[in-house]
Amino acid sequence: MVNASAGVGDTKRDRQVLICQNRTCLKQGSAAVLAKFLAVIRPNVTVIPTGCLGQCGSGPVVLLLPDKVWLHSVLQKDVPAIAERYCLKK
Ligand code: FES
């Protein structure tokens, strides 16, 4: 997991969690990461399975918008802490 940027904790803007579901990330467990995000994220945050995000060597890759926070090598077990840190939790 990497990166933290401005805007973290801002709950007023529309939030999106993009999770790569393309080939390489799928092999690295991105389907489980997607399922875990869907389980722990609050309803007003949109979870979007995507195609390749262009960071295949560091998957599973997650992009938090609008803050443009890139997370790499995300594991299913990391998701609750990510949701907590970025104020996405139910
Ligand atoms: S396959 Fe996930 S970033 Fe390319």
# chains A, B, ... in the order shown; residues from 1 in each chain; ligands from 1
>>> residues_around(residues="A:Val74", least_positions_apart="5", cutoff="12 Å", atoms="only C-alpha atoms", output="list in words")
Met1, Val2, Ile19, Cys20, Cys25, Leu26, Gln28, Gly29, Ser30, Ala31, Ala32, Val33, Leu34, Lys36, Phe37, Ser58, Gly59, Pro60, Val61, Val62, Leu63, Val79, Pro80, Ala81 and Ile82 of chain A
>>> select_by_dssp(residues="chain A", states="strand (DSSP E)", output="PyMOL selection string")
chain A and resi 15-20+45-50+62-65+69-71
>>> atom_distance(atom1="atom CA of A:Glu84", atom2="atom 2 (Fe, counted along the ligand's line) of ligand 1")
23.3 Å
>>> closest_residue(among="A:Gln76, A:Gln16, A:Thr46, A:Gln55", to="ligand 1", atoms="only C-alpha atoms and all ligand atoms")
A:Gln55
>>> atom_distance(atom1="atom CA of A:Gly57", atom2="atom CA of A:Leu18")
16.9 Å
